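Okay, so here's the structure we're looking at.
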2 protein chains.
Amino acid sequence: MARAATTTDAFNAVAEPRRRQILDALANGERPVNDLVAALGLPQPLVSKHLRVLRQVGLVEVRDEGRQRLYRLNAGPLRPIHEWVKSYEQLWTERFARLDVVLEELKELESEDTDDDDE
Amino acid sequence: MARAATTTDAFNAVAEPRRRQILDALANGERPVNDLVAALGLPQPLVSKHLRVLRQVGLVEVRDEGRQRLYRLNAGPLRPIHEWVKSYEQLWTERFARLDVVLEELKELESEDTDDDDE
DNA sequence: TTGACACATTCCCATATGGGAATACGATGG
DNA sequence: CCATCGTATTCCCATATGGGAATGTGTCAA
């Protein structure tokens with residue numbers, strides 16, 4: 001098997017930096033494609049392709065308005081990413097480094113207790 | 001150009017579910033490869049390959065202990081993901097839906113004010 | 001109807017993937 | 001020294017990618 005399709009996941013879809021840029025641009029509200037093309041400085045077909053991927057994972061939604069197609073953000077599918085990453089947040093926090101020390105101390109106290117009974 | 005290398009980013013590295021499983025397994029502490037092999041139920045070479053990717057983006061570190069290689073988590077590189085995704089968190093919160101209404105009201109009030117001066 | 005505009009789609013290519021199979025490699029025990 | 005254990009690496013393949021170029025499609029204005 002090759003790599004998982006980019007349309008499998010929000011995880012996969014968002015791995016591409018341009019796709020993140022698009023979402024960031026849409027955070028300010030609904031935008032037509034040409035706005036995004038201008039904002040990202042990429043060829044229009046490329047932007048449309050990225051939008052397609054984002055649509056397929058549900059990260060954006062479209063609305064027709066005359067000649068234009070207005071894209072808007074739908075952040076919901078990002079939630080699993082947030083949930084997953086959030087649990088690691090404490091690991092790079094300074095406070096956690098100190099907590100680590102505390103846990104080590106607790107572990108030592110524990111082994112002292114068991115020393116009396118078992119060994 | 002093809003898709004960005006999985007070793008480019010934590011974003012890319014973590015798009016693969018198995019790699020996330022490995023990190024999850026390492027959250028409980030240092031583990032030798034065979035532990036991970038057993039935990040994930042994957043062929044050993046495959047686990048080693050995933051670990052290589054994780055090493056290259058700095059998400060895990062290794063330590064030699066006799067015949068074994070003990071891997072440990074290094075969550076730091078996940079931070080950019082958390083930072084990025086966090087800013088979208090409010091968008092799927094119920095509270096935000098109500099905030100949205102409030103902002104609309106403010107916007108209307110604003111245009112009423114400017115109506116007096118400009119138009 | 002025709003032309004211009006806003007987008008989407010298609011075809012093409014180089015590239016790197018995840019997985020399978022087999023093998024190489026360093027450390028340890030006998 | 002040799003066999004074995006714990007891992008890493010290599011070779012192979014099918015697959016889907018991001019991008020470029022060109023073309024298709026629907027809408028509006030004249």
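Every chain in the structure tokens has a letter given in the order shown (A, B, ...), and although residue numbers restart at 1 in each chain, ligands are simply numbered from 1 in the order shown.
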Once you count only C-alpha atoms (C1' of nucleotides), what closest atom pair and distance in Å to one decimal does each residue of chain A within 10 Å of chain D have, with rows by chain and rising residue number, as CSV?
residue,atom,partner,partner_atom,distance
A:Met1,CA,D:DA14,C1',6.4
A:Ala2,CA,D:DT15,C1',4.9
A:Arg3,CA,D:DA16,C1',7.2
A:Ala4,CA,D:DA16,C1',8.1
A:Ala5,CA,D:DA16,C1',6.7
A:Thr6,CA,D:DT17,C1',8.3
A:Glu16,CA,D:DG18,C1',9.6
A:Pro43,CA,D:DG20,C1',9.4
A:Pro45,CA,D:DG19,C1',9.7
A:Leu46,CA,D:DG19,C1',7.4
A:Lys49,CA,D:DG18,C1',9.5
A:His50,CA,D:DG18,C1',9.4
A:Glu65,CA,D:DT27,C1',9.9
A:Gly66,CA,D:DT27,C1',6.5
A:Arg67,CA,D:DT27,C1',5.2
A:Gln68,CA,D:DT27,C1',8.9
Mind running chain C against chain B at 9 Å and telling me each contacting residue's nearest atom pair with the distance in Å (one decimal), counting only C-alpha atoms (C1' of nucleotides), chain and number ascending, as JSON lines?
{"residue": "C:DC13", "atom": "C1'", "partner": "B:Met1", "partner_atom": "CA", "distance": 8.8}
{"residue": "C:DA14", "atom": "C1'", "partner": "B:Met1", "partner_atom": "CA", "distance": 6.4}
{"residue": "C:DT15", "atom": "C1'", "partner": "B:Ala2", "partner_atom": "CA", "distance": 5.0}
{"residue": "C:DA16", "atom": "C1'", "partner": "B:Ala5", "partner_atom": "CA", "distance": 6.7}
{"residue": "C:DT17", "atom": "C1'", "partner": "B:Ala5", "partner_atom": "CA", "distance": 8.3}
{"residue": "C:DG18", "atom": "C1'", "partner": "B:Leu46", "partner_atom": "CA", "distance": 8.5}
{"residue": "C:DG19", "atom": "C1'", "partner": "B:Leu46", "partner_atom": "CA", "distance": 7.4}
{"residue": "C:DG26", "atom": "C1'", "partner": "B:Arg67", "partner_atom": "CA", "distance": 7.7}
{"residue": "C:DA27", "atom": "C1'", "partner": "B:Arg67", "partner_atom": "CA", "distance": 5.2}
{"residue": "C:DT28", "atom": "C1'", "partner": "B:Arg67", "partner_atom": "CA", "distance": 7.5}
Dump of N, CA and C atoms (P, O5', C5', C4', C3', O3' and C1' of nucleotides) for the selected residues, as an mmCIF file, in the first residue's frame:
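Result file again-v4.cif:
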data_model
loop_
_atom_site.group_PDB
_atom_site.id
_atom_site.type_symbol
_atom_site.label_atom_id
_atom_site.label_comp_id
_atom_site.auth_asym_id
_atom_site.auth_seq_id
_atom_site.Cartn_x
_atom_site.Cartn_y
_atom_site.Cartn_z
ATOM 1 P P DC C 13 4.007 11.666 -19.429
ATOM 2 O "O5'" DC C 13 4.781 12.185 -18.140
ATOM 3 C "C5'" DC C 13 5.349 13.498 -18.131
ATOM 4 C "C4'" DC C 13 5.845 13.806 -16.735
ATOM 5 C "C3'" DC C 13 6.670 12.672 -16.131
ATOM 6 O "O3'" DC C 13 7.991 13.133 -15.920
ATOM 7 C "C1'" DC C 13 5.059 13.510 -14.589
ATOM 8 P P DA C 14 9.164 12.083 -15.535
ATOM 9 O "O5'" DA C 14 9.568 12.596 -14.080
ATOM 10 C "C5'" DA C 14 9.643 13.996 -13.825
ATOM 11 C "C4'" DA C 14 9.773 14.230 -12.330
ATOM 12 C "C3'" DA C 14 10.775 13.310 -11.644
ATOM 13 O "O3'" DA C 14 11.456 14.052 -10.639
ATOM 14 C "C1'" DA C 14 8.600 12.891 -10.783
ATOM 15 P P DT C 15 12.465 13.294 -9.665
ATOM 16 O "O5'" DT C 15 11.512 12.913 -8.444
ATOM 17 C "C5'" DT C 15 10.750 13.932 -7.815
ATOM 18 C "C4'" DT C 15 9.948 13.321 -6.677
ATOM 19 C "C3'" DT C 15 10.737 12.307 -5.825
ATOM 20 O "O3'" DT C 15 10.679 12.731 -4.487
ATOM 21 C "C1'" DT C 15 8.603 11.489 -6.373
ATOM 22 P P DA C 16 11.750 12.265 -3.436
ATOM 23 O "O5'" DA C 16 10.840 11.534 -2.360
ATOM 24 C "C5'" DA C 16 9.736 12.234 -1.796
ATOM 25 C "C4'" DA C 16 8.775 11.238 -1.214
ATOM 26 C "C3'" DA C 16 9.439 10.195 -0.316
ATOM 27 O "O3'" DA C 16 8.695 10.095 0.882
ATOM 28 C "C1'" DA C 16 8.121 9.139 -1.975
ATOM 29 P P DT C 17 9.110 9.324 2.104
ATOM 30 O "O5'" DT C 17 7.842 8.403 2.291
ATOM 31 C "C5'" DT C 17 6.570 9.040 2.371
ATOM 32 C "C4'" DT C 17 5.532 8.083 1.861
ATOM 33 C "C3'" DT C 17 5.421 6.821 2.694
ATOM 34 O "O3'" DT C 17 4.405 7.013 3.635
ATOM 35 C "C1'" DT C 17 5.230 6.431 0.324
ATOM 36 P P DG C 18 4.669 6.426 5.071
ATOM 37 O "O5'" DG C 18 3.973 5.003 4.975
ATOM 38 C "C5'" DG C 18 2.569 4.938 4.789
ATOM 39 C "C4'" DG C 18 2.192 3.514 4.495
ATOM 40 C "C3'" DG C 18 2.624 2.515 5.563
ATOM 41 O "O3'" DG C 18 1.592 1.565 5.722
ATOM 42 C "C1'" DG C 18 3.647 1.962 3.488
ATOM 43 P P DG C 19 1.654 0.501 6.851
ATOM 44 O "O5'" DG C 19 2.140 -0.818 6.095
ATOM 45 C "C5'" DG C 19 1.307 -1.367 5.092
ATOM 46 C "C4'" DG C 19 2.086 -2.366 4.281
ATOM 47 C "C3'" DG C 19 2.752 -3.475 5.094
ATOM 48 O "O3'" DG C 19 2.084 -4.692 4.818
ATOM 49 C "C1'" DG C 19 4.147 -2.651 3.358
ATOM 50 P P DG C 26 27.984 -3.688 12.925
ATOM 51 O "O5'" DG C 26 27.735 -3.674 14.493
ATOM 52 C "C5'" DG C 26 26.862 -2.697 15.054
ATOM 53 C "C4'" DG C 26 26.255 -3.231 16.343
ATOM 54 C "C3'" DG C 26 27.300 -3.700 17.362
ATOM 55 O "O3'" DG C 26 26.942 -3.186 18.632
ATOM 56 C "C1'" DG C 26 25.733 -5.422 16.934
ATOM 57 P P DA C 27 27.968 -3.317 19.826
ATOM 58 O "O5'" DA C 27 27.195 -4.340 20.783
ATOM 59 C "C5'" DA C 27 25.898 -3.989 21.250
ATOM 60 C "C4'" DA C 27 25.294 -5.171 21.982
ATOM 61 C "C3'" DA C 27 26.198 -5.760 23.072
ATOM 62 O "O3'" DA C 27 25.412 -5.941 24.231
ATOM 63 C "C1'" DA C 27 25.511 -7.454 21.560
ATOM 64 P P DT C 28 26.122 -6.276 25.594
ATOM 65 O "O5'" DT C 28 25.754 -7.819 25.774
ATOM 66 C "C5'" DT C 28 24.388 -8.203 25.694
ATOM 67 C "C4'" DT C 28 24.297 -9.698 25.584
ATOM 68 C "C3'" DT C 28 25.152 -10.453 26.621
ATOM 69 O "O3'" DT C 28 24.276 -11.226 27.428
ATOM 70 C "C1'" DT C 28 25.362 -11.388 24.450
#
Determine which residues of chain A sit within 6 Å of chain B, taking into account only C-alpha atoms, and present them as a VMD selection string.
-> chain A and resid 11 to 12 15 76 82 85 92
Enumerate the residues of region 10-114 of chain B with a DSSP assignment of helix (DSSP H, G or I), computed from the backbone, and present them as a PyMOL selection string.
-> chain B and resi 10-13+17-26+33-40+44-56+76-86+89-92+94-114
Kindly give the distance, in Å, that separates C1' of DA6 (chain C) and CA of Glu61 (chain A), rounded to a single decimal.
->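 One can read the C1' of DA6 (chain C) to CA of Glu61 (chain A) distance as 17.3 Å.
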For CA of Val37 (chain B) and CA of Val57 (chain B), determine how far apart the two atoms are, in Å to one decimal place.
->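 The value is 20.6 Å.
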Option closest in space to DC7 (chain C), from A:Leu26, A:Leu40, A:Val47, A:Val53 [counting only C-alpha atoms (C1' of nucleotides)] | A:Val47
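Our summary of the geometry notes that CA of Pro32 (chain A) is positioned 14.2 Å from CA of Arg55 (chain A).
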